[in-house]
$ cat work-v9.cif   # mmCIF, N, CA and C atoms
data_work
#
loop_
_atom_site.label_atom_id
_atom_site.label_comp_id
_atom_site.auth_asym_id
_atom_site.auth_seq_id
_atom_site.Cartn_x
_atom_site.Cartn_y
_atom_site.Cartn_z
N MET A 28 -6.79 -1.30 21.33
CA MET A 28 -5.42 -1.73 21.16
C MET A 28 -4.54 -0.51 20.92
N ALA A 29 -3.42 -0.44 21.61
CA ALA A 29 -2.52 0.69 21.48
C ALA A 29 -1.85 0.67 20.12
N ALA A 30 -1.53 1.85 19.64
CA ALA A 30 -0.86 1.96 18.34
C ALA A 30 0.53 1.34 18.44
N VAL A 31 0.88 0.60 17.44
CA VAL A 31 2.18 -0.03 17.38
C VAL A 31 3.13 0.92 16.66
N LYS A 32 4.29 1.18 17.27
CA LYS A 32 5.27 2.06 16.65
C LYS A 32 6.39 1.22 16.05
N PHE A 33 6.74 1.56 14.83
CA PHE A 33 7.83 0.89 14.15
C PHE A 33 8.92 1.91 13.88
N GLN A 34 10.16 1.48 14.02
CA GLN A 34 11.27 2.39 13.75
C GLN A 34 11.42 2.57 12.24
N LYS A 35 11.89 3.73 11.89
CA LYS A 35 12.20 3.99 10.48
C LYS A 35 13.43 3.17 10.12
N PRO A 36 13.38 2.43 9.00
CA PRO A 36 14.55 1.63 8.63
C PRO A 36 15.70 2.52 8.17
N THR A 37 16.90 2.03 8.39
CA THR A 37 18.08 2.79 7.98
C THR A 37 18.21 2.76 6.46
N GLY A 38 18.92 3.72 5.94
CA GLY A 38 19.16 3.77 4.50
C GLY A 38 19.88 2.52 4.00
N ALA A 39 20.78 2.02 4.83
CA ALA A 39 21.53 0.81 4.43
C ALA A 39 20.60 -0.39 4.30
N PHE A 40 19.65 -0.53 5.24
CA PHE A 40 18.73 -1.66 5.16
C PHE A 40 17.78 -1.52 3.98
N VAL A 41 17.33 -0.31 3.72
CA VAL A 41 16.46 -0.08 2.56
C VAL A 41 17.21 -0.44 1.28
N ALA A 42 18.45 0.03 1.17
CA ALA A 42 19.25 -0.27 -0.02
C ALA A 42 19.52 -1.77 -0.15
N ALA A 43 19.85 -2.42 0.96
CA ALA A 43 20.11 -3.87 0.92
C ALA A 43 18.86 -4.64 0.53
N SER A 44 17.71 -4.19 0.99
CA SER A 44 16.45 -4.86 0.65
C SER A 44 16.15 -4.75 -0.83
N TRP A 45 16.27 -3.53 -1.36
CA TRP A 45 16.04 -3.34 -2.79
C TRP A 45 17.07 -4.14 -3.60
N ALA A 46 18.31 -4.15 -3.15
CA ALA A 46 19.35 -4.91 -3.86
C ALA A 46 19.02 -6.40 -3.87
N ALA A 47 18.58 -6.93 -2.74
CA ALA A 47 18.22 -8.36 -2.68
C ALA A 47 17.08 -8.67 -3.65
N LEU A 48 16.07 -7.83 -3.66
CA LEU A 48 14.94 -8.05 -4.57
C LEU A 48 15.39 -7.96 -6.03
N MET A 49 16.11 -6.90 -6.38
CA MET A 49 16.50 -6.70 -7.77
C MET A 49 17.51 -7.75 -8.23
N ILE A 50 18.51 -8.00 -7.42
CA ILE A 50 19.54 -8.99 -7.81
C ILE A 50 18.91 -10.36 -7.95
N GLY A 51 18.11 -10.78 -6.96
CA GLY A 51 17.47 -12.09 -7.04
C GLY A 51 16.59 -12.24 -8.26
N ALA A 52 15.71 -11.27 -8.50
CA ALA A 52 14.78 -11.37 -9.63
C ALA A 52 15.51 -11.26 -10.96
N ILE A 53 16.43 -10.31 -11.08
CA ILE A 53 17.13 -10.12 -12.36
C ILE A 53 18.00 -11.32 -12.69
N VAL A 54 18.72 -11.83 -11.71
CA VAL A 54 19.57 -13.00 -11.95
C VAL A 54 18.72 -14.21 -12.33
N TYR A 55 17.61 -14.41 -11.66
CA TYR A 55 16.68 -15.50 -11.98
C TYR A 55 16.20 -15.36 -13.42
N LEU A 56 15.80 -14.14 -13.79
CA LEU A 56 15.28 -13.91 -15.14
C LEU A 56 16.37 -14.04 -16.20
N ILE A 57 17.58 -13.60 -15.90
CA ILE A 57 18.69 -13.78 -16.84
C ILE A 57 18.96 -15.27 -17.04
N GLY A 58 18.91 -16.02 -15.94
CA GLY A 58 19.08 -17.47 -16.04
C GLY A 58 18.02 -18.09 -16.93
N LEU A 59 16.78 -17.65 -16.78
CA LEU A 59 15.71 -18.17 -17.65
C LEU A 59 15.93 -17.79 -19.10
N TRP A 60 16.34 -16.55 -19.32
CA TRP A 60 16.55 -16.07 -20.69
C TRP A 60 17.61 -16.91 -21.39
N ASN A 61 18.67 -17.23 -20.67
CA ASN A 61 19.80 -17.97 -21.26
C ASN A 61 19.62 -19.48 -21.22
N ALA A 62 18.60 -19.97 -20.56
CA ALA A 62 18.41 -21.41 -20.40
C ALA A 62 18.02 -22.05 -21.73
N SER A 63 18.44 -23.29 -21.88
CA SER A 63 18.06 -24.04 -23.08
C SER A 63 16.85 -24.91 -22.76
N MET A 64 15.78 -24.26 -22.33
CA MET A 64 14.52 -24.93 -22.01
C MET A 64 13.52 -24.59 -23.10
N GLN A 65 12.47 -25.37 -23.12
CA GLN A 65 11.36 -25.03 -24.01
C GLN A 65 10.66 -23.80 -23.44
N LEU A 66 9.98 -23.09 -24.31
CA LEU A 66 9.32 -21.85 -23.90
C LEU A 66 8.27 -22.09 -22.80
N ASN A 67 7.58 -23.22 -22.86
CA ASN A 67 6.58 -23.49 -21.82
C ASN A 67 7.24 -23.71 -20.45
N GLU A 68 8.44 -24.27 -20.42
CA GLU A 68 9.17 -24.42 -19.15
C GLU A 68 9.59 -23.05 -18.62
N LYS A 69 10.07 -22.21 -19.50
CA LYS A 69 10.46 -20.86 -19.09
C LYS A 69 9.24 -20.11 -18.53
N GLY A 70 8.10 -20.29 -19.19
CA GLY A 70 6.87 -19.67 -18.71
C GLY A 70 6.47 -20.17 -17.34
N TYR A 71 6.65 -21.46 -17.11
CA TYR A 71 6.34 -22.06 -15.81
C TYR A 71 7.19 -21.42 -14.71
N TYR A 72 8.50 -21.34 -14.93
CA TYR A 72 9.39 -20.78 -13.92
C TYR A 72 9.17 -19.27 -13.74
N PHE A 73 8.85 -18.56 -14.83
CA PHE A 73 8.54 -17.14 -14.72
C PHE A 73 7.27 -16.92 -13.89
N THR A 74 6.25 -17.71 -14.17
CA THR A 74 4.98 -17.58 -13.45
C THR A 74 5.17 -17.89 -11.97
N ILE A 75 5.97 -18.89 -11.66
CA ILE A 75 6.24 -19.21 -10.25
C ILE A 75 6.94 -18.05 -9.55
N LEU A 76 7.87 -17.39 -10.24
CA LEU A 76 8.53 -16.23 -9.64
C LEU A 76 7.52 -15.13 -9.34
N MET A 77 6.68 -14.81 -10.30
CA MET A 77 5.69 -13.75 -10.11
C MET A 77 4.69 -14.12 -9.00
N TYR A 78 4.24 -15.36 -9.01
CA TYR A 78 3.31 -15.85 -7.98
C TYR A 78 3.97 -15.79 -6.60
N GLY A 79 5.23 -16.20 -6.53
CA GLY A 79 5.94 -16.18 -5.25
C GLY A 79 6.13 -14.76 -4.72
N LEU A 80 6.51 -13.84 -5.60
CA LEU A 80 6.71 -12.46 -5.17
C LEU A 80 5.39 -11.85 -4.68
N PHE A 81 4.33 -12.09 -5.43
CA PHE A 81 3.02 -11.55 -5.03
C PHE A 81 2.57 -12.15 -3.70
N SER A 82 2.72 -13.45 -3.55
CA SER A 82 2.24 -14.08 -2.31
C SER A 82 3.09 -13.66 -1.11
N ALA A 83 4.39 -13.47 -1.30
CA ALA A 83 5.25 -13.03 -0.20
C ALA A 83 4.88 -11.62 0.26
N VAL A 84 4.66 -10.72 -0.70
CA VAL A 84 4.28 -9.35 -0.35
C VAL A 84 2.91 -9.34 0.31
N SER A 85 1.99 -10.13 -0.23
CA SER A 85 0.63 -10.19 0.32
C SER A 85 0.65 -10.73 1.75
N LEU A 86 1.45 -11.76 1.99
CA LEU A 86 1.55 -12.31 3.34
C LEU A 86 2.15 -11.30 4.30
N GLN A 87 3.20 -10.61 3.88
CA GLN A 87 3.83 -9.61 4.74
C GLN A 87 2.82 -8.52 5.09
N LYS A 88 2.07 -8.07 4.09
CA LYS A 88 1.07 -7.03 4.33
C LYS A 88 -0.01 -7.53 5.29
N THR A 89 -0.44 -8.75 5.12
CA THR A 89 -1.47 -9.32 5.98
C THR A 89 -0.99 -9.45 7.42
N VAL A 90 0.21 -9.94 7.60
CA VAL A 90 0.78 -10.06 8.95
C VAL A 90 0.90 -8.69 9.59
N ARG A 91 1.39 -7.73 8.84
CA ARG A 91 1.55 -6.36 9.36
C ARG A 91 0.19 -5.74 9.69
N ASP A 92 -0.80 -5.96 8.82
CA ASP A 92 -2.14 -5.44 9.10
C ASP A 92 -2.67 -5.98 10.42
N ARG A 93 -2.47 -7.27 10.66
CA ARG A 93 -2.93 -7.86 11.92
C ARG A 93 -2.21 -7.26 13.11
N ILE A 94 -0.90 -7.04 12.98
CA ILE A 94 -0.12 -6.43 14.07
C ILE A 94 -0.65 -5.04 14.38
N GLU A 95 -1.02 -4.31 13.33
CA GLU A 95 -1.50 -2.94 13.50
C GLU A 95 -2.98 -2.87 13.88
N GLY A 96 -3.61 -4.03 14.07
CA GLY A 96 -4.99 -4.06 14.53
C GLY A 96 -6.04 -3.95 13.43
N MET A 97 -5.62 -4.04 12.18
CA MET A 97 -6.59 -4.00 11.08
C MET A 97 -7.24 -5.37 10.95
N THR A 98 -8.48 -5.38 10.51
CA THR A 98 -9.19 -6.64 10.35
C THR A 98 -8.70 -7.35 9.09
N VAL A 99 -8.30 -8.59 9.27
CA VAL A 99 -7.90 -9.46 8.16
C VAL A 99 -8.64 -10.77 8.37
N THR A 100 -9.38 -11.20 7.36
CA THR A 100 -10.13 -12.44 7.51
C THR A 100 -9.19 -13.63 7.60
N GLY A 101 -9.62 -14.61 8.33
CA GLY A 101 -8.82 -15.83 8.49
C GLY A 101 -8.59 -16.53 7.16
N ILE A 102 -9.60 -16.50 6.28
CA ILE A 102 -9.45 -17.19 5.00
C ILE A 102 -8.40 -16.51 4.13
N TYR A 103 -8.36 -15.17 4.15
CA TYR A 103 -7.34 -14.48 3.36
C TYR A 103 -5.95 -14.72 3.94
N TYR A 104 -5.84 -14.66 5.25
CA TYR A 104 -4.57 -14.93 5.92
C TYR A 104 -4.07 -16.34 5.57
N GLY A 105 -4.98 -17.30 5.63
CA GLY A 105 -4.62 -18.68 5.29
C GLY A 105 -4.24 -18.83 3.83
N LEU A 106 -4.97 -18.15 2.94
CA LEU A 106 -4.64 -18.21 1.51
C LEU A 106 -3.27 -17.61 1.21
N CYS A 107 -2.91 -16.58 1.95
CA CYS A 107 -1.58 -15.99 1.77
C CYS A 107 -0.49 -17.00 2.12
N TRP A 108 -0.65 -17.68 3.25
CA TRP A 108 0.33 -18.70 3.65
C TRP A 108 0.35 -19.85 2.64
N ILE A 109 -0.82 -20.32 2.25
CA ILE A 109 -0.89 -21.43 1.28
C ILE A 109 -0.23 -21.02 -0.03
N SER A 110 -0.49 -19.80 -0.48
CA SER A 110 0.09 -19.34 -1.74
C SER A 110 1.61 -19.29 -1.68
N LEU A 111 2.14 -18.76 -0.59
CA LEU A 111 3.59 -18.69 -0.47
C LEU A 111 4.21 -20.09 -0.43
N LEU A 112 3.65 -20.96 0.38
CA LEU A 112 4.17 -22.34 0.47
C LEU A 112 3.99 -23.08 -0.85
N LEU A 113 2.88 -22.83 -1.53
CA LEU A 113 2.63 -23.48 -2.82
C LEU A 113 3.63 -23.02 -3.87
N SER A 114 3.96 -21.73 -3.87
CA SER A 114 4.94 -21.25 -4.86
C SER A 114 6.31 -21.89 -4.63
N VAL A 115 6.70 -22.03 -3.38
CA VAL A 115 7.98 -22.68 -3.07
C VAL A 115 7.93 -24.16 -3.44
N ALA A 116 6.81 -24.81 -3.14
CA ALA A 116 6.65 -26.23 -3.48
C ALA A 116 6.65 -26.45 -4.99
N LEU A 117 5.97 -25.57 -5.72
CA LEU A 117 5.95 -25.71 -7.19
C LEU A 117 7.33 -25.54 -7.78
N LEU A 118 8.11 -24.60 -7.23
CA LEU A 118 9.48 -24.45 -7.71
C LEU A 118 10.29 -25.70 -7.39
N ALA A 119 10.15 -26.21 -6.17
CA ALA A 119 10.90 -27.40 -5.77
C ALA A 119 10.56 -28.60 -6.64
N VAL A 120 9.29 -28.81 -6.90
CA VAL A 120 8.86 -29.94 -7.75
C VAL A 120 9.37 -29.75 -9.16
N GLY A 121 9.26 -28.53 -9.68
CA GLY A 121 9.75 -28.25 -11.03
C GLY A 121 11.24 -28.50 -11.15
N LEU A 122 12.00 -28.02 -10.18
CA LEU A 122 13.45 -28.22 -10.23
C LEU A 122 13.83 -29.67 -10.01
N PHE A 123 13.11 -30.36 -9.14
CA PHE A 123 13.41 -31.77 -8.89
C PHE A 123 13.26 -32.58 -10.17
N ASN A 124 12.24 -32.28 -10.95
CA ASN A 124 11.95 -33.02 -12.17
C ASN A 124 12.63 -32.46 -13.41
N ALA A 125 13.32 -31.35 -13.30
CA ALA A 125 13.96 -30.72 -14.46
C ALA A 125 15.23 -31.48 -14.84
N THR A 126 15.54 -31.42 -16.12
CA THR A 126 16.78 -32.03 -16.61
C THR A 126 17.88 -30.96 -16.61
N LEU A 127 18.13 -30.42 -15.44
CA LEU A 127 19.16 -29.41 -15.26
C LEU A 127 20.26 -29.97 -14.38
N ALA A 128 21.44 -29.38 -14.50
CA ALA A 128 22.53 -29.75 -13.61
C ALA A 128 22.17 -29.31 -12.19
N ALA A 129 22.75 -29.99 -11.21
CA ALA A 129 22.47 -29.64 -9.81
C ALA A 129 22.82 -28.19 -9.52
N SER A 130 23.89 -27.69 -10.12
CA SER A 130 24.28 -26.30 -9.90
C SER A 130 23.24 -25.34 -10.46
N GLU A 131 22.62 -25.68 -11.58
CA GLU A 131 21.56 -24.84 -12.15
C GLU A 131 20.32 -24.86 -11.25
N LYS A 132 20.00 -26.02 -10.74
CA LYS A 132 18.84 -26.13 -9.83
C LYS A 132 19.08 -25.27 -8.59
N GLY A 133 20.28 -25.33 -8.04
CA GLY A 133 20.61 -24.51 -6.87
C GLY A 133 20.58 -23.03 -7.21
N PHE A 134 21.05 -22.69 -8.39
CA PHE A 134 21.02 -21.30 -8.84
C PHE A 134 19.60 -20.75 -8.84
N TYR A 135 18.67 -21.47 -9.45
CA TYR A 135 17.28 -21.01 -9.51
C TYR A 135 16.65 -20.95 -8.11
N ALA A 136 16.92 -21.95 -7.29
CA ALA A 136 16.35 -21.97 -5.94
C ALA A 136 16.85 -20.79 -5.12
N MET A 137 18.14 -20.52 -5.16
CA MET A 137 18.70 -19.43 -4.36
C MET A 137 18.26 -18.07 -4.87
N ALA A 138 18.22 -17.88 -6.19
CA ALA A 138 17.76 -16.60 -6.75
C ALA A 138 16.29 -16.38 -6.39
N PHE A 139 15.49 -17.44 -6.43
CA PHE A 139 14.07 -17.35 -6.08
C PHE A 139 13.90 -16.95 -4.63
N LEU A 140 14.60 -17.63 -3.73
CA LEU A 140 14.48 -17.32 -2.30
C LEU A 140 15.01 -15.93 -1.96
N LEU A 141 16.08 -15.51 -2.63
CA LEU A 141 16.60 -14.16 -2.43
C LEU A 141 15.55 -13.13 -2.86
N SER A 142 14.88 -13.40 -3.97
CA SER A 142 13.82 -12.50 -4.44
C SER A 142 12.68 -12.41 -3.44
N LEU A 143 12.27 -13.55 -2.89
CA LEU A 143 11.19 -13.55 -1.91
C LEU A 143 11.59 -12.75 -0.67
N PHE A 144 12.79 -12.98 -0.17
CA PHE A 144 13.27 -12.22 0.99
C PHE A 144 13.28 -10.74 0.68
N GLY A 145 13.81 -10.38 -0.48
CA GLY A 145 13.87 -8.97 -0.87
C GLY A 145 12.49 -8.34 -0.96
N ALA A 146 11.53 -9.08 -1.52
CA ALA A 146 10.17 -8.54 -1.64
C ALA A 146 9.55 -8.28 -0.28
N VAL A 147 9.74 -9.19 0.65
CA VAL A 147 9.20 -9.02 2.00
C VAL A 147 9.87 -7.83 2.69
N ALA A 148 11.18 -7.74 2.57
CA ALA A 148 11.91 -6.65 3.22
C ALA A 148 11.55 -5.30 2.62
N VAL A 149 11.41 -5.23 1.31
CA VAL A 149 11.03 -3.97 0.66
C VAL A 149 9.64 -3.56 1.11
N GLN A 150 8.69 -4.50 1.14
CA GLN A 150 7.33 -4.19 1.59
C GLN A 150 7.34 -3.70 3.03
N LYS A 151 8.13 -4.34 3.89
CA LYS A 151 8.23 -3.91 5.29
C LYS A 151 8.77 -2.49 5.36
N ASN A 152 9.81 -2.21 4.60
CA ASN A 152 10.41 -0.87 4.61
C ASN A 152 9.42 0.19 4.12
N VAL A 153 8.68 -0.14 3.08
CA VAL A 153 7.69 0.80 2.56
C VAL A 153 6.67 1.14 3.65
N ARG A 154 6.21 0.12 4.36
CA ARG A 154 5.23 0.34 5.44
C ARG A 154 5.86 1.13 6.58
N ASP A 155 7.08 0.77 6.98
CA ASP A 155 7.74 1.47 8.09
C ASP A 155 7.99 2.93 7.76
N ILE A 156 8.44 3.22 6.55
CA ILE A 156 8.71 4.60 6.15
C ILE A 156 7.41 5.40 6.11
N ALA A 157 6.36 4.80 5.57
CA ALA A 157 5.06 5.49 5.51
C ALA A 157 4.54 5.77 6.93
N ALA A 158 4.68 4.79 7.83
CA ALA A 158 4.23 4.98 9.21
C ALA A 158 5.04 6.07 9.89
N HIS A 159 6.35 6.07 9.64
CA HIS A 159 7.22 7.08 10.24
C HIS A 159 6.85 8.48 9.74
N LYS A 160 6.56 8.60 8.45
CA LYS A 160 6.19 9.90 7.88
C LYS A 160 4.88 10.40 8.47
N SER A 161 3.94 9.49 8.71
CA SER A 161 2.65 9.92 9.24
C SER A 161 2.76 10.32 10.72
N GLU A 162 3.76 9.79 11.42
CA GLU A 162 3.96 10.12 12.83
C GLU A 162 4.81 11.37 13.03
N THR A 163 5.64 11.69 12.06
CA THR A 163 6.58 12.79 12.17
C THR A 163 6.03 14.00 11.42
N PRO A 164 5.84 15.11 12.09
CA PRO A 164 5.33 16.28 11.38
C PRO A 164 6.36 16.82 10.39
N ALA A 165 5.87 17.33 9.28
CA ALA A 165 6.76 17.92 8.29
C ALA A 165 7.39 19.18 8.87
N LEU A 166 8.52 19.57 8.34
CA LEU A 166 9.21 20.77 8.84
C LEU A 166 8.33 22.01 8.70
N ASP A 167 7.50 22.06 7.68
CA ASP A 167 6.62 23.21 7.47
C ASP A 167 5.54 23.29 8.55
N ASP A 168 5.25 22.17 9.22
CA ASP A 168 4.18 22.14 10.21
C ASP A 168 4.63 22.58 11.60
N THR A 169 5.93 22.71 11.81
CA THR A 169 6.41 23.07 13.15
C THR A 169 6.45 24.60 13.28
N PRO A 170 6.05 25.10 14.44
CA PRO A 170 6.06 26.56 14.62
C PRO A 170 7.48 27.08 14.69
N GLU A 171 7.66 28.25 14.15
CA GLU A 171 8.99 28.86 14.17
C GLU A 171 9.19 29.59 15.48
N ALA A 172 10.42 29.55 15.94
CA ALA A 172 10.75 30.31 17.16
C ALA A 172 10.87 31.78 16.80
N GLY A 173 10.30 32.61 17.56
CA GLY A 173 10.30 34.01 17.16
C GLY A 173 10.85 34.90 18.11
#
$ encode --input "work-v9.cif" --output "structure tokens"
Amino acid sequence: MAAVKFQKPTGAFVAASWAALMIGAIVYLIGLWNASMQLNEKGYYFTILMYGLFSAVSLQKTVRDRIEGMTVTGIYYGLCWISLLLSVALLAVGLFNATLAASEKGFYAMAFLLSLFGAVAVQKNVRDIAAHKSETPALDDTPEAG
């Protein structure tokens, strides 16, 4: 299989990706901190955020590994998809059954989804930048004109 080349992401996209991840996660966590929920409910929503972020990054890595020709077992690939969908479903069920205002439910859902998008984009950028660095020789490696 031929090597797959990925373009180096622009600085603006890298910054936007990090901003999406940080804003989504921080806003979600600030909302939890200020919420008038029991501590076990806060723990539930915190755990779902961490589980969702991990599963989103893991799925992105798995998809990218397959594109690059690396071996990824079908069971791991499937578990990544199940984990991501399960984290979204757990958040949806939790919010559906929560005694929160509709605006609060929407707030948590949007902050969660923004965090997931940001995590996937940041992971993609990390891989693209690393691939670009390995393909591009360092300035010290180029012969000088004499």
$ select_by_dssp --input "work-v9.cif" --residues "stretch 70-130 of chain A" --states "helix (DSSP H, G or I)" --output "ChimeraX atom specification"
/A:70-94,101-124,129-130
$ atom_distance --input "work-v9.cif" --atom1 "atom C of A:Ser85" --atom2 "atom CA of A:Cys107"
5.7 Å
$ residues_around --input "work-v9.cif" --residues "stretch 45-58 of chain A" --least-positions-apart "4" --cutoff "6 Å" --atoms "all atoms listed in the file" --output "JSON list (two decimals) with N, CA and C atoms, keeping the file's coordinate frame"
[["chain", "number", "residue", "atom", "x", "y", "z"],
["A", 40, "PHE", "N", 19.65, -0.53, 5.24],
["A", 40, "PHE", "CA", 18.73, -1.66, 5.16],
["A", 40, "PHE", "C", 17.78, -1.52, 3.98],
["A", 41, "VAL", "N", 17.33, -0.31, 3.72],
["A", 41, "VAL", "CA", 16.46, -0.08, 2.56],
["A", 41, "VAL", "C", 17.21, -0.44, 1.28],
["A", 62, "ALA", "N", 18.60, -19.97, -20.56],
["A", 62, "ALA", "CA", 18.41, -21.41, -20.40],
["A", 62, "ALA", "C", 18.02, -22.05, -21.73],
["A", 138, "ALA", "N", 18.22, -17.88, -6.19],
["A", 138, "ALA", "CA", 17.76, -16.60, -6.75],
["A", 138, "ALA", "C", 16.29, -16.38, -6.39],
["A", 139, "PHE", "N", 15.49, -17.44, -6.43],
["A", 139, "PHE", "CA", 14.07, -17.35, -6.08],
["A", 139, "PHE", "C", 13.90, -16.95, -4.63],
["A", 141, "LEU", "N", 16.08, -15.51, -2.63],
["A", 141, "LEU", "CA", 16.60, -14.16, -2.43],
["A", 141, "LEU", "C", 15.55, -13.13, -2.86],
["A", 142, "SER", "N", 14.88, -13.40, -3.97],
["A", 142, "SER", "CA", 13.82, -12.50, -4.44],
["A", 142, "SER", "C", 12.68, -12.41, -3.44],
["A", 144, "PHE", "N", 12.79, -12.98, -0.17],
["A", 144, "PHE", "CA", 13.27, -12.22, 0.99],
["A", 144, "PHE", "C", 13.28, -10.74, 0.68],
["A", 145, "GLY", "N", 13.81, -10.38, -0.48],
["A", 145, "GLY", "CA", 13.87, -8.97, -0.87],
["A", 145, "GLY", "C", 12.49, -8.34, -0.96],
["A", 146, "ALA", "N", 11.53, -9.08, -1.52],
["A", 146, "ALA", "CA", 10.17, -8.54, -1.64],
["A", 146, "ALA", "C", 9.55, -8.28, -0.28],
["A", 149, "VAL", "N", 11.41, -5.23, 1.31],
["A", 149, "VAL", "CA", 11.03, -3.97, 0.66],
["A", 149, "VAL", "C", 9.64, -3.56, 1.11]]
$ closest_residue --input "work-v9.cif" --among "A:Thr37, A:Asn61, A:Ser44, A:Gln150" --to "A:Phe81" --atoms "only C-alpha atoms"
A:Gln150
$ resolve_selection --input "work-v9.cif" --expression "the PyMOL selection byres (((chain A and resi 69 and name CA) around 12) and name CA)" --output "PyMOL selection string"
chain A and resi 55-68+70-76+118+121-122+125+135
$ atom_distance --input "work-v9.cif" --atom1 "atom CA of A:Ala136" --atom2 "atom CA of A:Ile109"
18.7 Å
$ atom_distance --input "work-v9.cif" --atom1 "atom N of A:Asp155" --atom2 "atom N of A:Pro36"
6.8 Å
